[in-house]
Amino acid sequence: MWMKGPQVKEIPGPKGREIIEKHHKYMATTTNDPNEYFLVIERAEGNYWIDVDGNRVLDFSSGIGVLNAGLRNPRVIEAVKRQLDLVIHAAGTDYYNPYQVQLAERLAGIAPGDFEKKVFLSNSGTEANEAALKIAKWSTNRKLFIAFIGAFHGRTHGTMSLTASKPVHRSRMFPTMPGVEHIPYPNPYRNPWHIDGYENPDELINRVLEYLEDYLFHHYVPPEEVAGIIFEPIQGEGGYVVPPKNFFKELKKVADKYGILLIDDEVQMGMGRTGKMWAIENFGIAPDIITVAKALGGGVPIGATIFRADLDFGKEGVHGNTFGGNALACAAALAVIDELQNGLMENARKLEPLFRERLEEIKEKYELVGDVRGIGLAWGLEFVKDRKTKEYAAKERNEIVVEALKMGLATLGCGRSSLRLIPPLTIDEEEAKIGLDIVEKAIHRVSERHGYRVH
Ligand SMILES: Cc1ncc(COP(=O)(O)O)c(C=O)c1O
């Protein structure tokens with residue numbers, strides 16, 4: 001085994017540049033930005049990407065929240081290989097197979113809530129959320145939904161109407177699904193009432209719920225027609241925002257009052273990311289519906305909607321798909337759950353204090369850092385031009401991502417000026433320190449370049 005840490009000659013090198021150019025010639029424009037994310041991945045070794053030019057880059061992105069169990073987890077690979085020798089696809093919505101049943105039983109067993117659960121299997125987070133919408137509509141015979149500003153729930157016409165993190169997601173796409181209203185997320189750092197939610201969490205919670213009841217329910221949204229409230233337990237794409245500890249308990253009281261279902265989107269924060277299997281376990285409630293995807297399959301596409309058994313369609317043909325419950329994906333997911341339970345979640349909990357302390361130190365030192373927040377191995381830093389006005393430092397954030405990558409660390413932006421640090425849960429203390437050193441160096445360089453104070 002080579003020495004730990006990145007090894008970079010030039011990113012992108014000549015081969016990388018050629019592929020980036022061809023990519024933009026032949027591939028539809030999605031989110032790739034060659035000026036910011038110029039890593040051209042050939043393979044993975046340990047917690048590192050090896051790019052097409054042989055550069056070795058430490059990963060603090062987990063393939064956008066997918067590779068919690070490691071970039072190439074040997075047990076996941078073994079499980080997929082075993083499954084390849086049995087059957088790849090077993091048409092699980094018409095015929096039957098043991099693999100999807102095993103996974104459904106396992107997911108129902110590990111999801112929070114002391115009640116019977118059932119599972120719908122799909123291929124992505126978006127589809128898991130689409131299924132959640134349909135289960136909520138069908139079971140309640142209600143049509144309306146409440147979501148949060150800053151949320152990301154997907155990009156189909158149904159889920160896009162829930163998503164509210166960037167205008168570009170909806171631009172030229174209207175009409176979206178009608179009947180969705182958004183309310184402010186209880187963001188302790190930045191909220192419409194300028195409340196310091198770290199100092200006064202209860203005040204922030206009260207304002208959000210007051211807004212829901214007094215403004216929406218008492219003016220124009222009949223609560224008895226609301227099927228569900230969908231939320232991320234920690235907002236991901238919206239900026240890695242951790243709400244106050246008691247928020248969801250209080251939200252549940254309001255939801256219960258009106259018979260509204262709580263839909264917990266764990267697509268980015270679930271599967272051990274916070275050191276617990278489900279991020280909502282940090283907040284002490286059991287949602288009626290949970291959606292999960294990304295890290296569930298360890299890199300093999302799969303989504304799951306886990307719900308109270310009594311909400312089931314109970315009638316053939318209301319919902320279904322072709323690939324959901326694919327045998328390879330189920331085998332991978334079962335291995336991922338084993339791996340998370342056999343030490344990886346524990347590792348996330350073990351490394352949490354290291355991240356917290358080091359990032360708090362960085363915040364003390366660099367004026368550019370306005371806020372640091374996170375649980376387990378889900379960390380966000382928000383950059384601001386001025387700590388008083390909290391003006392977004394988006395350009396500076398983008399430059400930090402670039403500087404880090406040039407030094408051999410893959411990170412990702414989120415929100416308007418935040419950086420997310422989400423390493424695979426397989427990293428060790430040494431790699432955590434190497435990565436955090438690079439984060440600090442990148443912030444240092446950008447601070448000096450733009451004249452921000454460094455203490
Ligand atoms: C919280 C959340 N929900 C849903 C989605 C959509 O998942 P997918 O891209 O697999 O469709 C994402 C993707 O980033 C997400 O972060």
# chains A, B, ... in the order shown; residues from 1 in each chain; ligands from 1
>>> select_by_dssp(residues="region 334-414 of chain A", states="strand (DSSP E or B)", output="list in words")
Tyr366, Val369, Gly370, Asp371, Val372, Arg373, Gly374, Ile375, Ala378, Trp379, Gly380, Leu381, Glu382, Phe383, Val384, Tyr392, Leu409, Ala410, Leu412, Gly413 and Cys414 of chain A
>>> write_last_selection(atoms="C-alpha atoms", output="PDB file, in the first residue's frame")
ATOM      1  CA  TYR A 366     -11.066  32.797   8.746  1.00  0.00           C
ATOM      2  CA  VAL A 369     -16.394  31.272   7.131  1.00  0.00           C
ATOM      3  CA  GLY A 370     -19.785  32.357   8.459  1.00  0.00           C
ATOM      4  CA  ASP A 371     -21.156  29.072   9.734  1.00  0.00           C
ATOM      5  CA  VAL A 372     -20.123  25.468  10.365  1.00  0.00           C
ATOM      6  CA  ARG A 373     -22.719  22.727  10.863  1.00  0.00           C
ATOM      7  CA  GLY A 374     -22.978  18.982  10.704  1.00  0.00           C
ATOM      8  CA  ILE A 375     -23.537  15.602  12.310  1.00  0.00           C
ATOM      9  CA  ALA A 378     -22.159  15.292   6.929  1.00  0.00           C
ATOM     10  CA  TRP A 379     -20.516  18.703   7.221  1.00  0.00           C
ATOM     11  CA  GLY A 380     -21.229  22.077   5.704  1.00  0.00           C
ATOM     12  CA  LEU A 381     -19.344  25.367   5.797  1.00  0.00           C
ATOM     13  CA  GLU A 382     -21.077  28.538   4.663  1.00  0.00           C
ATOM     14  CA  PHE A 383     -18.912  31.332   3.234  1.00  0.00           C
ATOM     15  CA  VAL A 384     -19.895  34.984   3.617  1.00  0.00           C
ATOM     16  CA  TYR A 392     -23.136  35.183   0.160  1.00  0.00           C
ATOM     17  CA  LEU A 409      -9.232  16.759  -2.536  1.00  0.00           C
ATOM     18  CA  ALA A 410     -12.673  16.262  -4.131  1.00  0.00           C
ATOM     19  CA  LEU A 412     -18.735  19.706  -3.562  1.00  0.00           C
ATOM     20  CA  GLY A 413     -20.536  23.004  -3.247  1.00  0.00           C
ATOM     21  CA  CYS A 414     -24.144  23.234  -2.072  1.00  0.00           C
TER      22      CYS A 414
END
>>> residues_around(residues="region 42-56 of chain A", least_positions_apart="4", cutoff="12 Å", atoms="only C-alpha atoms", output="PyMOL selection string")
chain A and resi 1-20+38+60-63+67-74+405-410+422-428+430-432+435
>>> residues_near_ligand(ligand="ligand 1", cutoff="6 Å", atoms="only C-alpha atoms and all ligand atoms", output="PyMOL selection string")
chain A and resi 124-126+152-154+232+236-237+265+267-268+294
>>> write_last_selection(atoms="N, CA, C and O atoms", output="PDB file, in the first residue's frame")
ATOM      1  N   SER A 124     -34.096   5.400  -8.075  1.00  0.00           N
ATOM      2  CA  SER A 124     -33.451   6.683  -7.774  1.00  0.00           C
ATOM      3  C   SER A 124     -34.209   7.389  -6.650  1.00  0.00           C
ATOM      4  O   SER A 124     -35.317   6.976  -6.282  1.00  0.00           O
ATOM      5  N   GLY A 125     -33.614   8.476  -6.183  1.00  0.00           N
ATOM      6  CA  GLY A 125     -34.257   9.267  -5.147  1.00  0.00           C
ATOM      7  C   GLY A 125     -35.528   9.931  -5.653  1.00  0.00           C
ATOM      8  O   GLY A 125     -36.548   9.989  -4.956  1.00  0.00           O
ATOM      9  N   THR A 126     -35.451  10.435  -6.866  1.00  0.00           N
ATOM     10  CA  THR A 126     -36.623  11.085  -7.451  1.00  0.00           C
ATOM     11  C   THR A 126     -37.802  10.122  -7.496  1.00  0.00           C
ATOM     12  O   THR A 126     -38.919  10.460  -7.106  1.00  0.00           O
ATOM     13  N   PHE A 152     -34.452  19.939  -1.811  1.00  0.00           N
ATOM     14  CA  PHE A 152     -34.239  19.243  -3.085  1.00  0.00           C
ATOM     15  C   PHE A 152     -34.849  17.853  -2.959  1.00  0.00           C
ATOM     16  O   PHE A 152     -34.457  17.080  -2.093  1.00  0.00           O
ATOM     17  N   HIS A 153     -35.817  17.560  -3.836  1.00  0.00           N
ATOM     18  CA  HIS A 153     -36.458  16.242  -3.774  1.00  0.00           C
ATOM     19  C   HIS A 153     -36.450  15.531  -5.120  1.00  0.00           C
ATOM     20  O   HIS A 153     -37.001  14.444  -5.233  1.00  0.00           O
ATOM     21  N   GLY A 154     -35.878  16.171  -6.158  1.00  0.00           N
ATOM     22  CA  GLY A 154     -35.832  15.522  -7.463  1.00  0.00           C
ATOM     23  C   GLY A 154     -36.197  16.471  -8.576  1.00  0.00           C
ATOM     24  O   GLY A 154     -36.469  17.657  -8.341  1.00  0.00           O
ATOM     25  N   GLU A 232     -36.450  17.231   4.313  1.00  0.00           N
ATOM     26  CA  GLU A 232     -35.156  16.576   4.516  1.00  0.00           C
ATOM     27  C   GLU A 232     -34.787  16.789   5.983  1.00  0.00           C
ATOM     28  O   GLU A 232     -34.861  17.922   6.470  1.00  0.00           O
ATOM     29  N   GLY A 236     -29.803  19.056   2.197  1.00  0.00           N
ATOM     30  CA  GLY A 236     -28.557  18.702   1.520  1.00  0.00           C
ATOM     31  C   GLY A 236     -28.170  19.724   0.460  1.00  0.00           C
ATOM     32  O   GLY A 236     -27.346  20.608   0.702  1.00  0.00           O
ATOM     33  N   GLU A 237     -28.813  19.601  -0.718  1.00  0.00           N
ATOM     34  CA  GLU A 237     -28.475  20.536  -1.802  1.00  0.00           C
ATOM     35  C   GLU A 237     -28.670  21.984  -1.362  1.00  0.00           C
ATOM     36  O   GLU A 237     -28.018  22.888  -1.853  1.00  0.00           O
ATOM     37  N   ASP A 265     -37.466  12.574   3.567  1.00  0.00           N
ATOM     38  CA  ASP A 265     -36.574  12.287   2.434  1.00  0.00           C
ATOM     39  C   ASP A 265     -35.148  12.100   2.965  1.00  0.00           C
ATOM     40  O   ASP A 265     -34.459  13.057   3.290  1.00  0.00           O
ATOM     41  N   VAL A 267     -32.777  10.642   1.205  1.00  0.00           N
ATOM     42  CA  VAL A 267     -31.981  10.273   0.027  1.00  0.00           C
ATOM     43  C   VAL A 267     -30.515  10.687   0.195  1.00  0.00           C
ATOM     44  O   VAL A 267     -29.609   9.930  -0.129  1.00  0.00           O
ATOM     45  N   GLN A 268     -30.288  11.881   0.730  1.00  0.00           N
ATOM     46  CA  GLN A 268     -28.891  12.329   0.871  1.00  0.00           C
ATOM     47  C   GLN A 268     -28.346  12.109   2.287  1.00  0.00           C
ATOM     48  O   GLN A 268     -27.156  11.893   2.472  1.00  0.00           O
ATOM     49  N   LYS A 294     -29.595   6.966  -3.348  1.00  0.00           N
ATOM     50  CA  LYS A 294     -28.147   7.253  -3.328  1.00  0.00           C
ATOM     51  C   LYS A 294     -27.307   6.123  -2.695  1.00  0.00           C
ATOM     52  O   LYS A 294     -26.934   5.186  -3.370  1.00  0.00           O
TER      53      LYS A 294
END
>>> select_by_dssp(residues="region 74-257 of chain A", states="helix (DSSP H, G or I)", output="ChimeraX atom specification")
/A:74-84,98-110,125-140,157-160,167-169,201-217,223-225,247-257
>>> closest_atom_pairs(of="region 237-277 of chain A", to="region 181-205 of chain A", cutoff="12 Å", atoms="only C-alpha atoms", output="CSV")
residue,atom,partner,partner_atom,distance
A:Gly238,CA,A:Tyr185,CA,9.9
A:Gly239,CA,A:Asn187,CA,9.8
A:Tyr240,CA,A:Asn187,CA,9.8
A:Val241,CA,A:Asn187,CA,6.2
A:Val242,CA,A:Asn187,CA,7.0
A:Pro243,CA,A:Pro186,CA,5.5
A:Pro244,CA,A:Pro201,CA,5.6
A:Lys245,CA,A:Pro201,CA,8.1
A:Asn246,CA,A:Ile205,CA,7.9
A:Phe247,CA,A:Ile205,CA,5.8
A:Phe248,CA,A:Ile205,CA,9.1
A:Lys249,CA,A:Ile205,CA,10.2
A:Glu250,CA,A:Ile205,CA,7.7
A:Leu251,CA,A:Ile205,CA,8.6
A:Val254,CA,A:Ile205,CA,11.9
>>> closest_atom_pairs(of="region 162-234 of chain A", to="region 273-284 of chain A", cutoff="12 Å", atoms="only C-alpha atoms", output="Markdown table")
| residue | atom | partner | partner_atom | distance |
| --- | --- | --- | --- | --- |
| A:Phe231 | CA | A:Ile280 | CA | 10.3 |
| A:Glu232 | CA | A:Ile280 | CA | 8.7 |
| A:Pro233 | CA | A:Ile280 | CA | 5.6 |
| A:Ile234 | CA | A:Ala279 | CA | 7.4 |
>>> closest_residue(among="A:Asp386, A:Glu316, A:Glu440, A:Glu21", to="Asp33 (chain A)", atoms="only C-alpha atoms")
A:Glu21
>>> residues_around(residues="Arg308 (chain A)", least_positions_apart="6", cutoff="7 Å", atoms="only C-alpha atoms", output="PyMOL selection string")
chain A and resi 115-118+288-289
>>> residues_around(residues="Leu340 (chain A)", least_positions_apart="4", cutoff="7 Å", atoms="only C-alpha atoms", output="list of chain:residue names")
A:Ala69, A:Gly272, A:Val336, A:Leu344, A:Met345
>>> write_last_selection(atoms="all heavy atoms", output="compact mmCIF listing (two decimals), in the first residue's frame")
# COMPACT_ATOMS: atom_id res chain seq x y z
N ALA A 69 -20.52 3.52 1.84
CA ALA A 69 -19.87 2.27 2.26
C ALA A 69 -18.49 2.12 1.62
O ALA A 69 -17.86 1.06 1.75
CB ALA A 69 -20.75 1.09 1.90
N GLY A 272 -26.49 5.93 7.18
CA GLY A 272 -25.30 6.05 8.02
C GLY A 272 -24.56 7.36 7.95
O GLY A 272 -23.60 7.58 8.70
N VAL A 336 -24.56 -3.38 1.59
CA VAL A 336 -24.30 -2.02 2.11
C VAL A 336 -24.83 -1.92 3.54
O VAL A 336 -24.13 -1.44 4.45
CB VAL A 336 -24.96 -0.94 1.22
CG1 VAL A 336 -25.00 0.41 1.93
CG2 VAL A 336 -24.21 -0.81 -0.11
N LEU A 344 -19.16 0.85 10.01
CA LEU A 344 -19.01 2.13 9.30
C LEU A 344 -19.77 3.27 9.97
O LEU A 344 -19.27 4.40 10.05
CB LEU A 344 -19.44 1.97 7.84
CG LEU A 344 -18.51 1.09 6.99
CD1 LEU A 344 -18.97 1.06 5.54
CD2 LEU A 344 -17.06 1.58 7.07
N MET A 345 -20.96 2.99 10.49
CA MET A 345 -21.69 4.07 11.20
C MET A 345 -20.92 4.46 12.46
O MET A 345 -20.85 5.63 12.81
CB MET A 345 -23.10 3.60 11.57
CG MET A 345 -24.00 3.45 10.37
SD MET A 345 -25.73 3.37 10.79
CE MET A 345 -25.87 1.78 11.54
>>> residues_around(residues="Ala286 (chain A)", least_positions_apart="6", cutoff="9 Å", atoms="only C-alpha atoms", output="mmCIF file with all heavy atoms, in the first residue's frame")
data_model
loop_
_atom_site.group_PDB
_atom_site.id
_atom_site.type_symbol
_atom_site.label_atom_id
_atom_site.label_comp_id
_atom_site.auth_asym_id
_atom_site.auth_seq_id
_atom_site.Cartn_x
_atom_site.Cartn_y
_atom_site.Cartn_z
ATOM 1 N N ALA A 111 -36.124 0.569 9.680
ATOM 2 C CA ALA A 111 -36.729 1.914 9.648
ATOM 3 C C ALA A 111 -37.361 2.221 11.003
ATOM 4 O O ALA A 111 -37.904 1.330 11.650
ATOM 5 C CB ALA A 111 -37.776 1.988 8.539
ATOM 6 N N PRO A 112 -37.285 3.484 11.446
ATOM 7 C CA PRO A 112 -37.841 3.813 12.759
ATOM 8 C C PRO A 112 -39.365 3.682 12.800
ATOM 9 O O PRO A 112 -40.031 3.791 11.771
ATOM 10 C CB PRO A 112 -37.416 5.279 12.968
ATOM 11 C CG PRO A 112 -37.025 5.793 11.638
ATOM 12 C CD PRO A 112 -36.658 4.633 10.789
ATOM 13 N N GLY A 113 -39.913 3.464 13.995
ATOM 14 C CA GLY A 113 -41.374 3.383 14.136
ATOM 15 C C GLY A 113 -41.818 1.993 14.527
ATOM 16 O O GLY A 113 -41.467 1.022 13.846
ATOM 17 N N ASP A 114 -42.589 1.946 15.596
ATOM 18 C CA ASP A 114 -43.054 0.671 16.122
ATOM 19 C C ASP A 114 -44.371 0.298 15.460
ATOM 20 O O ASP A 114 -45.411 0.234 16.098
ATOM 21 C CB ASP A 114 -43.223 0.839 17.649
ATOM 22 C CG ASP A 114 -43.378 -0.506 18.319
ATOM 23 O OD1 ASP A 114 -43.075 -1.514 17.656
ATOM 24 O OD2 ASP A 114 -43.836 -0.542 19.477
ATOM 25 N N LEU A 262 -46.222 12.610 7.530
ATOM 26 C CA LEU A 262 -44.858 13.161 7.476
ATOM 27 C C LEU A 262 -44.017 12.282 6.557
ATOM 28 O O LEU A 262 -43.898 11.070 6.768
ATOM 29 C CB LEU A 262 -44.234 13.205 8.868
ATOM 30 C CG LEU A 262 -44.753 14.290 9.812
ATOM 31 C CD1 LEU A 262 -43.955 14.288 11.107
ATOM 32 C CD2 LEU A 262 -44.685 15.688 9.165
ATOM 33 N N ILE A 280 -33.133 11.057 10.619
ATOM 34 C CA ILE A 280 -34.253 11.458 11.483
ATOM 35 C C ILE A 280 -34.088 10.875 12.893
ATOM 36 O O ILE A 280 -34.677 11.388 13.854
ATOM 37 C CB ILE A 280 -35.613 11.066 10.849
ATOM 38 C CG1 ILE A 280 -36.776 11.824 11.494
ATOM 39 C CG2 ILE A 280 -35.870 9.574 10.919
ATOM 40 C CD1 ILE A 280 -36.779 13.300 11.277
#
>>> closest_residue(among="A:Arg207, A:Arg155, A:Lys143, A:His450", to="Glu224 (chain A)", atoms="only C-alpha atoms")
A:Lys143
>>> atom_distance(atom1="CA of His89 (chain A)", atom2="CA of Ala104 (chain A)")
16.5 Å
>>> closest_residue(among="A:Ser418, A:Gln100, A:Thr291, A:Asn321", to="Ala333 (chain A)", atoms="only C-alpha atoms")
A:Gln100
>>> residues_around(residues="Gly297 (chain A)", least_positions_apart="5", cutoff="8 Å", atoms="only C-alpha atoms", output="list of chain:residue names")
A:Val66, A:Ile302, A:Ala329, A:Cys330, A:Ala332, A:Ala333, A:Val336
>>> write_last_selection(atoms="N, CA and C atoms", output="mmCIF file, in the first residue's frame")
data_model
loop_
_atom_site.group_PDB
_atom_site.id
_atom_site.type_symbol
_atom_site.label_atom_id
_atom_site.label_comp_id
_atom_site.auth_asym_id
_atom_site.auth_seq_id
_atom_site.Cartn_x
_atom_site.Cartn_y
_atom_site.Cartn_z
ATOM 1 N N VAL A 66 -23.277 8.973 -2.546
ATOM 2 C CA VAL A 66 -23.678 7.612 -2.923
ATOM 3 C C VAL A 66 -22.797 6.546 -2.257
ATOM 4 N N ILE A 302 -30.604 2.311 -7.023
ATOM 5 C CA ILE A 302 -31.793 1.775 -6.346
ATOM 6 C C ILE A 302 -32.417 2.874 -5.493
ATOM 7 N N ALA A 329 -29.194 -4.831 -7.694
ATOM 8 C CA ALA A 329 -29.297 -3.687 -6.784
ATOM 9 C C ALA A 329 -29.674 -4.160 -5.383
ATOM 10 N N CYS A 330 -30.574 -5.147 -5.298
ATOM 11 C CA CYS A 330 -30.980 -5.648 -3.972
ATOM 12 C C CYS A 330 -29.810 -6.322 -3.272
ATOM 13 N N ALA A 332 -26.658 -5.686 -3.717
ATOM 14 C CA ALA A 332 -25.728 -4.625 -3.300
ATOM 15 C C ALA A 332 -26.251 -3.942 -2.042
ATOM 16 N N ALA A 333 -27.547 -3.641 -2.025
ATOM 17 C CA ALA A 333 -28.119 -2.897 -0.893
ATOM 18 C C ALA A 333 -28.023 -3.702 0.402
ATOM 19 N N VAL A 336 -24.560 -3.380 1.585
ATOM 20 C CA VAL A 336 -24.301 -2.025 2.109
ATOM 21 C C VAL A 336 -24.826 -1.920 3.544
#
>>> closest_residue(among="A:Leu328, A:Val80, A:Leu368, A:Val226", to="Gly92 (chain A)", atoms="only C-alpha atoms")
A:Leu328
>>> atom_distance(atom1="CA of Tyr258 (chain A)", atom2="CA of Gly303 (chain A)")
29.1 Å
>>> residues_around(residues="Leu351 (chain A)", least_positions_apart="4", cutoff="8 Å", atoms="only C-alpha atoms", output="ChimeraX atom specification")
/A:347,355,376-377,429,432
